[in-house]
>>> print(open('final14.cif').read())   # mmCIF, C-alpha atoms
data_work
#
loop_
_atom_site.label_atom_id
_atom_site.label_comp_id
_atom_site.auth_asym_id
_atom_site.auth_seq_id
_atom_site.Cartn_x
_atom_site.Cartn_y
_atom_site.Cartn_z
CA MET A 258 23.83 58.56 -3.04
CA GLU A 259 20.64 58.06 -5.04
CA GLN A 260 21.00 54.28 -4.65
CA GLU A 261 21.28 54.66 -0.86
CA HIS A 262 18.24 56.94 -0.81
CA LYS A 263 16.13 54.37 -2.61
CA MET A 264 17.24 51.44 -0.48
CA VAL A 265 14.28 49.93 1.37
CA PHE A 266 16.20 47.75 3.82
CA SER A 267 19.68 47.91 5.26
CA GLU A 268 22.44 45.88 3.66
CA ASN A 269 22.39 43.50 6.62
CA ILE A 270 18.67 42.84 6.19
CA ASN A 271 19.05 42.39 2.44
CA GLU A 272 21.81 39.88 3.10
CA GLN A 273 19.54 38.01 5.50
CA LEU A 274 16.55 38.11 3.17
CA LYS A 275 18.34 36.16 0.44
CA HIS A 276 18.62 33.26 2.90
CA ASP A 277 15.41 33.66 4.90
CA ALA A 278 12.97 33.93 1.99
CA PRO A 279 14.03 30.65 0.29
CA PHE A 280 14.28 28.95 3.68
CA ALA A 281 10.72 30.05 4.52
CA TRP A 282 9.57 28.16 1.40
CA PHE A 283 11.69 25.16 2.42
CA LEU A 284 10.08 25.05 5.89
CA ARG A 285 6.62 25.43 4.40
CA HIS A 286 7.17 22.79 1.71
CA HIS A 287 8.39 20.19 4.21
CA GLY A 288 5.85 21.22 6.84
CA CYS A 289 3.09 20.27 4.42
CA GLN A 290 4.44 16.70 4.45
CA SER A 291 4.89 16.36 8.20
CA PRO A 292 2.55 15.02 10.92
CA ILE A 293 3.89 17.73 13.23
CA PHE A 294 1.87 20.35 11.30
CA ARG A 295 -1.85 21.00 10.93
CA LEU A 296 -3.69 23.41 8.62
CA ASP A 297 -3.46 26.33 11.07
CA ASP A 298 0.30 25.74 11.26
CA ILE A 299 0.53 25.79 7.46
CA LYS A 300 -1.36 29.09 7.50
CA ARG A 301 1.28 30.57 9.84
CA LEU A 302 4.07 29.29 7.58
CA ASP A 303 2.26 30.78 4.57
CA ASP A 304 1.98 34.16 6.28
CA ARG A 305 5.67 34.08 7.16
CA LEU A 306 6.61 33.21 3.58
CA ASN A 307 4.32 35.95 2.24
CA SER A 308 6.08 38.51 4.43
CA PHE A 309 9.43 37.63 2.87
CA LEU A 310 7.97 37.63 -0.63
CA GLN A 311 6.49 41.09 -0.08
CA ALA A 312 9.87 42.36 1.11
CA PHE A 313 11.37 41.20 -2.20
CA TYR A 314 8.53 42.80 -4.15
CA VAL A 315 8.66 46.15 -2.32
CA SER A 316 12.39 46.38 -2.97
CA GLU A 317 11.79 45.54 -6.63
CA GLU A 318 9.16 48.30 -6.88
CA ARG A 319 11.59 50.82 -5.37
CA GLY A 320 14.21 49.93 -7.96
CA ILE A 321 16.39 47.88 -5.61
CA SER A 322 16.31 44.34 -6.93
CA LEU A 323 17.19 41.51 -4.57
CA ALA A 324 16.80 38.93 -7.34
CA SER A 325 20.53 38.86 -8.05
CA THR A 326 21.26 37.90 -4.44
CA LEU A 327 19.45 34.55 -4.82
CA ARG A 328 21.49 31.41 -5.44
CA LEU A 329 19.50 28.93 -7.49
CA ASP A 330 21.19 25.96 -5.89
CA ASP A 331 19.56 26.94 -2.55
CA TRP A 332 16.24 25.21 -1.88
CA GLY A 333 13.44 27.73 -2.34
CA ALA A 334 15.44 30.22 -4.41
CA ARG A 335 13.70 29.21 -7.65
CA PHE A 336 10.33 29.58 -5.94
CA VAL A 337 11.15 33.11 -4.80
CA LEU A 338 12.66 34.20 -8.12
CA PHE A 339 9.84 32.72 -10.20
CA TRP A 340 7.18 34.27 -7.94
CA LEU A 341 8.95 37.62 -8.13
CA GLY A 342 9.13 37.42 -11.91
CA ILE A 343 5.39 36.83 -12.20
CA GLU A 344 4.41 39.41 -9.56
CA SER A 345 6.66 42.14 -10.97
CA GLY A 346 6.05 41.24 -14.62
CA LYS A 347 9.75 40.63 -15.27
CA SER A 348 9.97 37.66 -17.59
CA GLU A 349 13.76 37.55 -17.34
CA TYR A 350 13.42 36.37 -13.73
CA CYS A 351 11.05 33.60 -14.80
CA ILE A 352 13.43 32.52 -17.55
CA GLU A 353 16.33 32.43 -15.10
CA ALA A 354 14.30 30.44 -12.56
CA THR A 355 13.42 27.77 -15.14
CA LYS A 356 17.01 27.23 -16.29
CA ASP A 357 18.53 23.79 -15.81
CA ILE A 358 15.58 22.25 -13.94
CA GLU A 359 16.63 18.65 -13.56
CA ASP A 360 14.33 16.89 -11.10
CA GLN A 361 10.99 16.72 -9.32
CA GLU A 362 12.07 18.85 -6.35
CA GLU A 363 13.13 21.76 -8.55
CA SER A 364 9.98 21.38 -10.64
CA ASN A 365 7.93 21.54 -7.42
CA GLU A 366 9.32 24.99 -6.65
CA LEU A 367 8.02 26.34 -9.96
CA ALA A 368 4.65 24.61 -9.53
CA GLU A 369 4.19 26.02 -6.05
CA ALA A 370 5.21 29.51 -7.16
CA LEU A 371 2.56 29.36 -9.90
CA SER A 372 -0.07 27.99 -7.52
CA TRP A 373 0.63 30.79 -5.04
CA PHE A 374 -1.40 33.18 -7.21
CA VAL A 375 -5.13 33.13 -6.63
CA GLN A 376 -5.98 35.20 -9.72
CA LEU A 377 -5.82 33.00 -12.81
CA ASP A 378 -5.20 35.98 -15.11
CA LYS A 379 -1.91 36.58 -13.30
CA ILE A 380 -0.48 33.24 -14.39
CA GLU A 381 -2.57 32.30 -17.45
CA SER A 382 0.02 33.29 -20.06
CA MET A 383 2.83 31.72 -18.04
CA LEU A 384 0.93 28.44 -17.76
CA LYS A 385 0.37 28.44 -21.51
CA THR A 386 4.04 29.15 -22.22
CA LEU A 387 5.40 26.53 -19.82
CA GLY A 388 2.78 23.89 -20.50
CA ASP A 389 3.00 24.15 -24.27
CA THR A 390 3.74 20.75 -25.82
CA PRO A 391 6.97 21.75 -27.66
CA HIS A 392 8.65 22.96 -24.43
CA THR A 393 12.09 21.40 -24.36
CA ASN A 394 12.39 20.75 -20.63
CA PRO A 395 9.81 18.20 -19.41
CA TRP A 396 10.30 19.19 -15.75
CA VAL A 397 9.33 22.80 -16.53
CA LYS A 398 6.27 21.64 -18.41
CA ARG A 399 5.42 19.37 -15.47
CA ALA A 400 5.47 22.39 -13.15
CA ALA A 401 2.67 23.98 -15.18
CA ILE A 402 0.57 20.80 -15.08
CA ASP A 403 1.14 20.38 -11.33
CA ALA A 404 0.15 24.01 -10.74
CA CYS A 405 -3.11 23.34 -12.57
CA ARG A 406 -3.69 20.35 -10.30
CA LEU A 407 -2.98 22.35 -7.14
CA ASN A 408 -5.32 25.17 -8.24
CA SER A 409 -7.97 23.02 -9.97
CA ILE A 410 -7.39 24.88 -13.25
CA SER A 411 -9.06 23.22 -16.24
CA LEU A 412 -6.96 21.71 -19.01
CA THR A 413 -8.47 21.00 -22.41
CA ASP A 414 -9.31 17.48 -23.49
CA ASN A 415 -7.00 17.82 -26.50
CA TYR A 416 -4.11 18.86 -24.28
CA ILE A 417 -4.66 15.96 -21.86
CA ARG A 418 -4.92 13.38 -24.61
CA GLY A 419 -1.94 14.87 -26.42
CA VAL A 420 0.32 14.47 -23.38
CA LEU A 421 -0.93 10.93 -22.71
CA ALA A 422 -0.24 9.96 -26.33
CA SER A 423 3.31 11.35 -26.21
CA ASP A 424 6.48 9.53 -25.20
CA ASP A 425 7.13 12.04 -22.40
CA SER A 426 6.81 9.80 -19.32
CA ILE A 427 7.50 12.67 -16.89
CA ASN A 428 4.42 14.54 -18.08
CA GLN A 429 2.32 11.45 -18.65
CA VAL A 430 2.69 10.91 -14.89
CA ALA A 431 1.82 14.57 -14.21
CA ILE A 432 -1.32 14.39 -16.37
CA LEU A 433 -2.41 11.12 -14.78
CA ASP A 434 -2.00 12.73 -11.35
CA TYR A 435 -4.09 15.64 -12.64
CA ILE A 436 -6.79 13.28 -13.94
CA ALA A 437 -6.91 11.50 -10.58
CA SER A 438 -7.12 14.70 -8.53
CA GLN A 439 -9.83 16.25 -10.74
CA ARG A 440 -11.84 12.99 -10.99
CA LEU A 441 -11.91 13.20 -14.79
CA ASP A 442 -13.27 10.31 -16.85
CA TYR A 443 -10.45 9.01 -19.03
CA SER A 444 -10.94 5.34 -18.24
CA ASP A 445 -10.28 4.25 -21.84
CA ILE A 446 -6.75 5.72 -21.89
CA VAL A 447 -6.07 5.05 -18.22
CA ILE A 448 -6.77 1.33 -18.62
CA SER A 449 -4.58 1.16 -21.72
CA LEU A 450 -1.65 2.48 -19.65
CA PHE A 451 -1.92 -0.24 -16.98
CA SER A 452 0.63 -2.22 -19.00
CA HIS A 453 2.92 0.70 -19.91
CA ASP A 454 6.64 -0.12 -20.06
CA ASP A 455 7.53 2.71 -17.67
CA GLU A 456 6.72 1.66 -14.10
CA ALA A 457 6.05 5.24 -12.96
CA VAL A 458 3.48 5.71 -15.73
CA ARG A 459 1.98 2.32 -14.97
CA LEU A 460 1.57 3.13 -11.26
CA SER A 461 0.12 6.58 -11.95
CA ALA A 462 -2.37 5.05 -14.40
CA LEU A 463 -3.47 2.54 -11.76
CA ILE A 464 -3.81 5.32 -9.19
CA ALA A 465 -5.87 7.37 -11.65
CA GLY A 466 -7.98 4.26 -12.13
CA ILE A 467 -8.87 4.25 -8.43
CA TYR A 468 -10.41 7.71 -8.70
CA GLN A 469 -12.21 7.34 -12.04
CA PRO A 470 -15.91 8.28 -11.81
CA GLN A 471 -16.84 4.70 -12.74
CA SER A 472 -15.24 1.80 -10.87
CA ILE A 473 -12.68 -0.29 -12.75
CA SER A 474 -12.53 -4.00 -11.94
CA GLU A 475 -9.36 -5.90 -11.01
CA LEU A 476 -7.53 -2.75 -9.89
CA PHE A 477 -6.47 -4.24 -6.56
CA SER A 478 -4.90 -7.30 -8.20
CA CYS A 479 -3.07 -4.99 -10.64
CA LEU A 480 -1.67 -2.86 -7.82
CA GLN A 481 -0.56 -5.77 -5.62
CA PRO A 482 2.62 -6.60 -7.60
CA LEU A 483 3.79 -2.97 -7.25
CA VAL A 484 3.25 -3.10 -3.49
CA LEU A 485 5.33 -6.25 -3.25
CA LYS A 486 8.27 -4.82 -5.19
CA ASP A 487 10.88 -2.64 -3.47
CA THR A 488 11.21 0.42 -5.70
CA PHE A 489 11.46 4.14 -4.97
CA GLN A 490 7.69 4.31 -5.57
CA LEU A 491 6.83 1.71 -2.94
CA LYS A 492 5.29 4.15 -0.43
CA LEU A 493 3.17 5.75 -3.13
CA ALA A 494 1.89 2.35 -4.24
CA ILE A 495 1.14 1.29 -0.66
CA LYS A 496 -0.68 4.54 0.14
CA HIS A 497 -3.18 4.29 -2.70
CA THR A 498 -3.60 0.51 -2.51
CA PHE A 499 -4.78 0.82 1.09
CA VAL A 500 -7.35 3.40 -0.02
CA LEU A 501 -8.74 0.85 -2.48
CA ALA A 502 -8.55 -2.18 -0.16
CA ASN A 503 -11.47 -3.55 1.82
CA ILE A 504 -10.81 -4.65 5.40
CA ASN A 505 -9.88 -8.25 4.52
CA GLU A 506 -7.62 -7.12 1.70
CA ALA A 507 -5.99 -4.57 4.02
CA ARG A 508 -5.29 -7.21 6.66
CA LYS A 509 -3.80 -9.61 4.12
CA LEU A 510 -1.79 -6.81 2.50
CA VAL A 511 -0.11 -6.01 5.83
CA CYS A 512 0.81 -9.68 6.24
CA ASP A 513 2.19 -9.86 2.68
CA ILE A 514 4.26 -6.71 3.19
CA ASN A 515 5.46 -8.01 6.55
CA SER A 516 6.83 -11.11 4.85
CA CYS A 517 8.85 -9.05 2.34
CA ASP A 518 12.48 -8.13 2.85
CA TYR A 519 11.55 -4.48 3.38
CA SER A 520 12.67 -1.77 5.74
CA GLU A 521 10.90 -2.02 9.10
CA ARG A 522 9.68 1.52 8.47
CA ILE A 523 7.76 0.35 5.40
CA LYS A 524 6.14 -2.44 7.42
CA ILE A 525 5.13 0.06 10.11
CA TYR A 526 3.80 2.42 7.43
CA ALA A 527 1.59 -0.37 6.06
CA LYS A 528 0.18 -1.10 9.51
CA ALA A 529 -0.56 2.60 10.00
CA LEU A 530 -2.45 2.89 6.71
CA SER A 531 -4.35 -0.34 7.29
CA GLY A 532 -6.24 1.42 10.08
CA LEU A 533 -6.57 -1.91 11.87
CA VAL A 534 -6.36 -1.99 15.66
CA ASP A 535 -5.17 -5.61 15.47
CA PHE A 536 -1.67 -4.21 14.98
CA LEU A 537 -1.68 -1.72 17.88
CA PRO A 538 -0.12 -4.09 20.49
CA GLU A 539 2.71 -4.80 18.05
CA LEU A 540 3.20 -1.09 17.33
CA ILE A 541 3.21 -0.25 21.03
CA GLU A 542 5.86 -2.90 21.59
CA LEU A 543 7.95 -1.30 18.82
CA THR A 544 8.00 1.99 20.75
CA LYS A 545 10.58 0.28 22.98
CA ASP A 546 12.96 0.03 20.02
CA LYS A 547 15.24 3.06 20.00
CA ASP A 548 15.49 3.08 16.18
CA LEU A 549 11.81 2.61 15.42
CA ALA A 550 10.14 4.19 18.45
CA LYS A 551 9.25 7.50 16.82
CA VAL A 552 7.88 6.06 13.59
CA ALA A 553 5.90 3.45 15.58
CA GLY A 554 4.45 6.28 17.64
CA GLU A 555 3.43 8.07 14.45
CA ALA A 556 1.65 4.90 13.27
CA ILE A 557 -0.21 4.62 16.58
CA SER A 558 -1.36 8.25 16.21
CA MET A 559 -2.44 7.56 12.63
CA ILE A 560 -4.79 4.79 13.75
CA THR A 561 -5.98 6.07 17.15
CA GLY A 562 -5.83 9.85 16.72
CA LEU A 563 -3.73 10.21 19.88
CA ASP A 564 -1.47 13.25 19.98
CA LEU A 565 1.49 11.78 21.84
CA GLU A 566 2.74 15.14 23.09
CA GLU A 567 -0.56 16.86 23.85
CA ASP A 568 -2.05 13.73 25.45
CA ASP A 569 1.04 13.00 27.59
CA PHE A 570 2.15 9.82 25.87
CA SER A 571 5.68 11.02 25.13
CA LEU A 572 8.92 10.88 27.09
CA PRO A 573 11.38 13.66 27.84
CA LEU A 574 14.51 13.04 25.80
CA GLY A 575 16.65 12.52 28.90
CA ASP A 576 14.42 9.78 30.29
CA TYR A 577 14.38 8.03 26.94
CA ALA A 578 18.15 8.17 26.58
CA MET A 579 18.64 6.51 29.95
CA ARG A 580 16.39 3.55 29.18
CA GLU A 581 18.00 0.27 28.21
CA ILE A 582 16.59 -0.61 24.82
CA GLY A 583 18.32 -3.31 22.86
CA ASN A 584 22.01 -4.07 23.04
CA ASP A 585 23.44 -1.16 21.11
CA ASP A 586 24.49 2.09 22.69
CA PHE A 587 21.97 4.88 22.29
CA ASP A 588 24.53 7.05 20.48
CA ASP A 589 25.49 4.44 17.91
CA GLU A 590 24.92 5.60 14.38
CA LEU A 591 21.88 3.97 12.81
CA GLU A 592 22.31 2.23 9.52
CA LYS A 593 21.01 4.41 6.70
CA ASP A 594 17.42 3.68 5.73
CA PHE A 595 16.06 5.07 2.46
CA TRP A 596 12.56 5.15 3.94
CA LYS A 597 13.35 7.25 6.98
CA SER A 598 11.22 10.41 6.71
CA ALA A 599 12.84 13.82 6.88
CA TYR A 600 10.62 14.73 9.83
CA GLU A 601 11.21 11.55 11.87
CA ASP A 602 13.84 13.01 14.20
CA ASP A 603 11.38 15.77 15.18
CA LEU A 604 8.64 13.35 16.22
CA PRO A 605 7.89 12.85 19.93
CA LEU A 606 9.42 9.91 21.78
CA PRO A 607 6.56 7.56 22.75
CA ASP A 608 6.11 6.37 26.32
CA ALA A 609 5.56 2.62 25.84
CA GLU A 610 4.33 2.03 29.40
CA ALA A 611 1.73 4.80 29.20
CA LEU A 612 0.57 3.59 25.79
CA MET A 613 0.19 0.00 27.01
CA GLN A 614 -1.89 1.21 29.96
CA TRP A 615 -4.02 3.35 27.68
CA TRP A 616 -4.63 0.45 25.31
CA ASP A 617 -5.56 -1.93 28.15
CA LYS A 618 -8.12 0.62 29.33
CA ASN A 619 -9.50 1.77 25.94
CA GLN A 620 -9.31 -1.16 23.53
CA GLY A 621 -13.00 -1.88 24.13
CA ASP A 622 -13.80 1.41 22.39
CA PHE A 623 -12.38 0.09 19.12
CA ASN A 624 -13.73 -2.60 16.79
CA ASN A 625 -11.40 -4.95 14.92
CA THR A 626 -13.89 -5.18 12.06
CA VAL A 627 -13.52 -1.45 11.36
CA ARG A 628 -10.67 0.52 9.76
CA TYR A 629 -9.71 3.73 11.56
CA LEU A 630 -7.98 6.95 10.62
CA ALA A 631 -7.10 9.42 13.39
CA GLY A 632 -9.30 7.56 15.84
CA VAL A 633 -12.51 7.44 13.79
CA PRO A 634 -13.96 4.92 11.32
CA ILE A 635 -13.14 5.63 7.69
CA ASP A 636 -16.35 7.07 6.25
CA ILE A 637 -17.32 10.19 4.30
CA GLU A 638 -18.26 12.49 7.18
CA ASN A 639 -15.28 11.53 9.34
CA MET A 640 -12.88 12.12 6.46
CA LYS A 641 -14.32 15.60 5.94
CA SER A 642 -13.79 16.32 9.63
CA ILE A 643 -10.15 15.15 9.52
CA LEU A 644 -9.50 17.51 6.60
CA THR A 645 -10.13 20.32 9.10
CA THR A 646 -8.70 18.91 12.33
CA GLY A 647 -6.04 16.34 11.40
CA ASN A 648 -2.31 16.64 10.97
CA GLN A 649 -0.92 16.84 7.45
CA ILE A 650 -0.36 13.08 7.00
CA GLN A 651 -3.82 12.29 8.36
CA ARG A 652 -5.33 15.00 6.13
CA GLU A 653 -3.65 13.58 3.04
CA MET A 654 -5.08 10.12 3.71
CA ALA A 655 -8.49 11.59 4.55
CA ALA A 656 -8.48 13.42 1.20
CA LEU A 657 -7.77 10.18 -0.67
CA HIS A 658 -10.36 8.15 1.25
CA LEU A 659 -12.96 10.89 0.77
CA ALA A 660 -12.37 11.03 -2.99
CA TYR A 661 -12.65 7.24 -3.22
CA LEU A 662 -15.80 7.03 -1.07
CA ASP A 663 -17.60 10.04 -2.56
CA LYS A 664 -17.45 10.10 -6.36
CA THR A 665 -18.47 13.79 -6.37
CA GLN A 666 -15.33 14.88 -4.50
CA LYS A 667 -12.07 15.87 -6.12
CA ILE A 668 -8.90 14.96 -4.21
CA PHE A 669 -8.48 17.78 -1.70
CA GLN A 670 -5.04 19.40 -2.11
CA VAL A 671 -3.64 19.51 1.43
CA ASN A 672 -0.36 21.07 0.21
CA SER A 673 -1.92 24.06 -1.51
CA ASN A 674 -2.04 27.63 -0.18
CA ALA A 675 -3.75 27.62 3.26
CA ASP A 676 -6.20 30.40 2.40
CA ARG A 677 -7.32 28.42 -0.64
CA GLN A 678 -7.69 25.34 1.55
CA TYR A 679 -9.93 27.19 4.03
CA HIS A 680 -12.12 28.27 1.12
CA GLN A 681 -12.24 24.75 -0.32
CA LEU A 682 -13.18 23.34 3.08
CA THR A 683 -16.26 25.55 3.20
CA LEU A 684 -17.30 24.07 -0.16
CA VAL A 685 -16.67 20.50 1.06
CA ASN A 686 -18.72 21.11 4.21
CA MET A 687 -21.43 22.95 2.26
CA ASN A 688 -21.75 19.92 0.04
CA SER A 689 -22.02 17.77 3.18
CA ASN A 690 -24.85 19.92 4.59
CA GLU A 691 -26.74 19.81 1.29
CA THR A 692 -26.45 16.02 1.26
CA ASN A 693 -27.81 15.81 4.80
#
>>> encode(input="final14.cif", output="structure tokens")
Amino acid sequence: MEQEHKMVFSENINEQLKHDAPFAWFLRHHGCQSPIFRLDDIKRLDDRLNSFLQAFYVSEERGISLASTLRLDDWGARFVLFWLGIESGKSEYCIEATKDIEDQEESNELAEALSWFVQLDKIESMLKTLGDTPHTNPWVKRAAIDACRLNSISLTDNYIRGVLASDDSINQVAILDYIASQRLDYSDIVISLFSHDDEAVRLSALIAGIYQPQSISELFSCLQPLVLKDTFQLKLAIKHTFVLANINEARKLVCDINSCDYSERIKIYAKALSGLVDFLPELIELTKDKDLAKVAGEAISMITGLDLEEDDFSLPLGDYAMREIGNDDFDDELEKDFWKSAYEDDLPLPDAEALMQWWDKNQGDFNNTVRYLAGVPIDIENMKSILTTGNQIQREMAALHLAYLDKTQKIFQVNSNADRQYHQLTLVNMNSNETN
């Protein structure tokens, strides 16, 4: 009877919470990597996730633990359990959440749980424990380093150099990502890692080189071979190489990628990141291809800033299904493509006719000697504006361009807690006003 008296929620709600709380993290995590979402949308997802987290915490405070209902093989369960362990001060939950972490996705859950706390004192001891060099699981240690990157928490020079000098490639990559995001000057070590045996370390070192306070020569030529090699890191290499490229290099890079035996989605991705309007007619033509229409539409939005749904450049699903595109039936299963994004099926279906008419009417407003992101030339002030108004993919690229163009800017973390992002945006804009 005492147990029933203390129960905060009904059994049915408790049963639902064990699914809904982890799933709220899952939606939020993937929303941060989708062009369908903007910062205000992330804020709503954050608030929803916080509501579920508070339900877990209130139950814990009343002596009714929901921790045991979580299944660690469910996406988001480790995030919830780890957060609950820190918030309630129950280290056994944290220990359980860190068990058997085997990959980047599971490590991300721990990192995001740590970065959810605004007060450093709440997580300071946990960061020290997890990030300590002797920790046996490199993915757990990586979570601590990634949390420091997301929250701009300072790491000591000795710690950074110690990880870089180790043979732990997982955390060498994490530290190099941290160095890049914080704009820290480690050019001596970074350059020495350009020839590292591990390709992931090599690429992360080159990326860190892009964002070193002092420019490093020959970076573009070092990155090119990684862009022209089909590995699981291809998109990452392409993304940062286009940040570094000048307009002529960007145009040539698209042509080089186009000549590779790559997925068509990779070739479209390169055209999108080039920011060159030269490729818009080709991308508009691709919106007639039933397999590539949505991703081509995303690329068009990336360059022009058009919102296909809001600006009436999308088709109702029924109309699209009835169109005769190609020789295959619309319902035929598409061949699996490693580079198909998780969010692609949720993208709007572009209206090719409307887009062609729009381009015929508006192409004079664009300049083929300028690179564009979200409809504006890539420069410092425009990138700051996109950080506020753009979708998540546009914001990520704006953050990278801004950091490259303005040596005083760290890489803005578009996946971090929305409230923290709003605060950071005021600092970015304050810096802009002071400059003006």
>>> residues_around(input="final14.cif", residues="Gln273 of chain A", least_positions_apart="6", cutoff="12 Å", atoms="all atoms listed in the file", output="ChimeraX atom specification")
/A:266-267,279-281,309,312-313,323,326-327
>>> write_last_selection(input="final14.cif", atoms="C-alpha atoms", output="PDB file, in the coordinates of the input")
ATOM      1  CA  PHE A 266      16.200  47.750   3.820  1.00  0.00           C
ATOM      2  CA  SER A 267      19.680  47.910   5.260  1.00  0.00           C
ATOM      3  CA  PRO A 279      14.030  30.650   0.290  1.00  0.00           C
ATOM      4  CA  PHE A 280      14.280  28.950   3.680  1.00  0.00           C
ATOM      5  CA  ALA A 281      10.720  30.050   4.520  1.00  0.00           C
ATOM      6  CA  PHE A 309       9.430  37.630   2.870  1.00  0.00           C
ATOM      7  CA  ALA A 312       9.870  42.360   1.110  1.00  0.00           C
ATOM      8  CA  PHE A 313      11.370  41.200  -2.200  1.00  0.00           C
ATOM      9  CA  LEU A 323      17.190  41.510  -4.570  1.00  0.00           C
ATOM     10  CA  THR A 326      21.260  37.900  -4.440  1.00  0.00           C
ATOM     11  CA  LEU A 327      19.450  34.550  -4.820  1.00  0.00           C
TER      12      LEU A 327
END
>>> closest_residue(input="final14.cif", among="A:Leu604, A:Arg285, A:Ile380, A:Asp360", to="Gly333 of chain A", atoms="only C-alpha atoms")
A:Arg285
>>> closest_residue(input="final14.cif", among="A:Asp298, A:Asp535, A:Glu362, A:Asp277", to="Val337 of chain A", atoms="all atoms listed in the file")
A:Asp277
>>> resolve_selection(input="final14.cif", expression="the PyMOL selection byres ((chain A and resi 444) around 9)", output="number ranges by chain")
A: 441-443, 445-449, 465-466, 469-471, 473
>>> residues_around(input="final14.cif", residues="Arg440 of chain A", least_positions_apart="5", cutoff="8 Å", atoms="all atoms listed in the file", output="list in words")
Tyr468, Gln469, Pro470, Lys664, Gln666, Lys667 and Ile668 of chain A
>>> write_last_selection(input="final14.cif", atoms="C-alpha atoms", output="PDB file, keeping the file's coordinate frame")
ATOM      1  CA  TYR A 468     -10.410   7.710  -8.700  1.00  0.00           C
ATOM      2  CA  GLN A 469     -12.210   7.340 -12.040  1.00  0.00           C
ATOM      3  CA  PRO A 470     -15.910   8.280 -11.810  1.00  0.00           C
ATOM      4  CA  LYS A 664     -17.450  10.100  -6.360  1.00  0.00           C
ATOM      5  CA  GLN A 666     -15.330  14.880  -4.500  1.00  0.00           C
ATOM      6  CA  LYS A 667     -12.070  15.870  -6.120  1.00  0.00           C
ATOM      7  CA  ILE A 668      -8.900  14.960  -4.210  1.00  0.00           C
TER       8      ILE A 668
END
>>> atom_distance(input="final14.cif", atom1="atom CA of Thr626 of chain A", atom2="atom CA of Gly532 of chain A")
10.3 Å
>>> atom_distance(input="final14.cif", atom1="atom CA of Phe499 of chain A", atom2="atom CA of Ser531 of chain A")
6.3 Å
>>> residues_around(input="final14.cif", residues="Ser345 of chain A", least_positions_apart="5", cutoff="8 Å", atoms="only C-alpha atoms", output="PyMOL selection string")
chain A and resi 314+317-318
>>> resolve_selection(input="final14.cif", expression="the PyMOL selection byres ((chain A and resi 405-413) around 12)", output="ChimeraX atom specification")
/A:365,367-378,380-381,383-385,387-389,398-404,414-420,431-441,667-678,680-681
>>> closest_residue(input="final14.cif", among="A:Ala324, A:Leu606, A:Ile358, A:Val511", to="Ala550 of chain A", atoms="all atoms listed in the file")
A:Leu606
>>> residues_around(input="final14.cif", residues="Gly562 of chain A", least_positions_apart="5", cutoff="8 Å", atoms="all atoms listed in the file", output="list in words")
Ile557, Leu630, Ala631, Gly632 and Val633 of chain A
>>> resolve_selection(input="final14.cif", expression="the PyMOL selection byres ((chain A and resi 568) around 12)", output="MDAnalysis selection string")
chainID A and resid 558 561:567 569:572 605 607:608 611:612 615
>>> closest_residue(input="final14.cif", among="A:Ile560, A:Ile504, A:Leu341, A:Ala494", to="Ser325 of chain A", atoms="only C-alpha atoms")
A:Leu341
>>> decode(input="final14.cif", residues="segment 298-318 of chain A", atoms="C-alpha atoms", output="PDB file, in the first residue's frame")
ATOM      1  CA  ASP A 298      12.037  23.472 -33.759  1.00  0.00           C
ATOM      2  CA  ILE A 299      15.014  22.133 -31.804  1.00  0.00           C
ATOM      3  CA  LYS A 300      13.904  24.248 -28.856  1.00  0.00           C
ATOM      4  CA  ARG A 301      10.465  22.578 -28.958  1.00  0.00           C
ATOM      5  CA  LEU A 302      12.085  19.143 -29.112  1.00  0.00           C
ATOM      6  CA  ASP A 303      14.327  20.105 -26.180  1.00  0.00           C
ATOM      7  CA  ASP A 304      11.334  21.201 -24.120  1.00  0.00           C
ATOM      8  CA  ARG A 305       9.544  17.943 -24.899  1.00  0.00           C
ATOM      9  CA  LEU A 306      12.591  15.904 -23.901  1.00  0.00           C
ATOM     10  CA  ASN A 307      12.993  17.948 -20.706  1.00  0.00           C
ATOM     11  CA  SER A 308       9.400  17.173 -19.737  1.00  0.00           C
ATOM     12  CA  PHE A 309      10.084  13.440 -19.946  1.00  0.00           C
ATOM     13  CA  LEU A 310      13.371  13.791 -18.073  1.00  0.00           C
ATOM     14  CA  GLN A 311      11.637  15.686 -15.269  1.00  0.00           C
ATOM     15  CA  ALA A 312       9.006  12.947 -15.028  1.00  0.00           C
ATOM     16  CA  PHE A 313      11.813  10.428 -14.451  1.00  0.00           C
ATOM     17  CA  TYR A 314      13.457  12.705 -11.884  1.00  0.00           C
ATOM     18  CA  VAL A 315      10.250  13.438  -9.944  1.00  0.00           C
ATOM     19  CA  SER A 316       9.530   9.723  -9.680  1.00  0.00           C
ATOM     20  CA  GLU A 317      13.098   9.132  -8.508  1.00  0.00           C
ATOM     21  CA  GLU A 318      12.714  11.815  -5.827  1.00  0.00           C
TER      22      GLU A 318
END
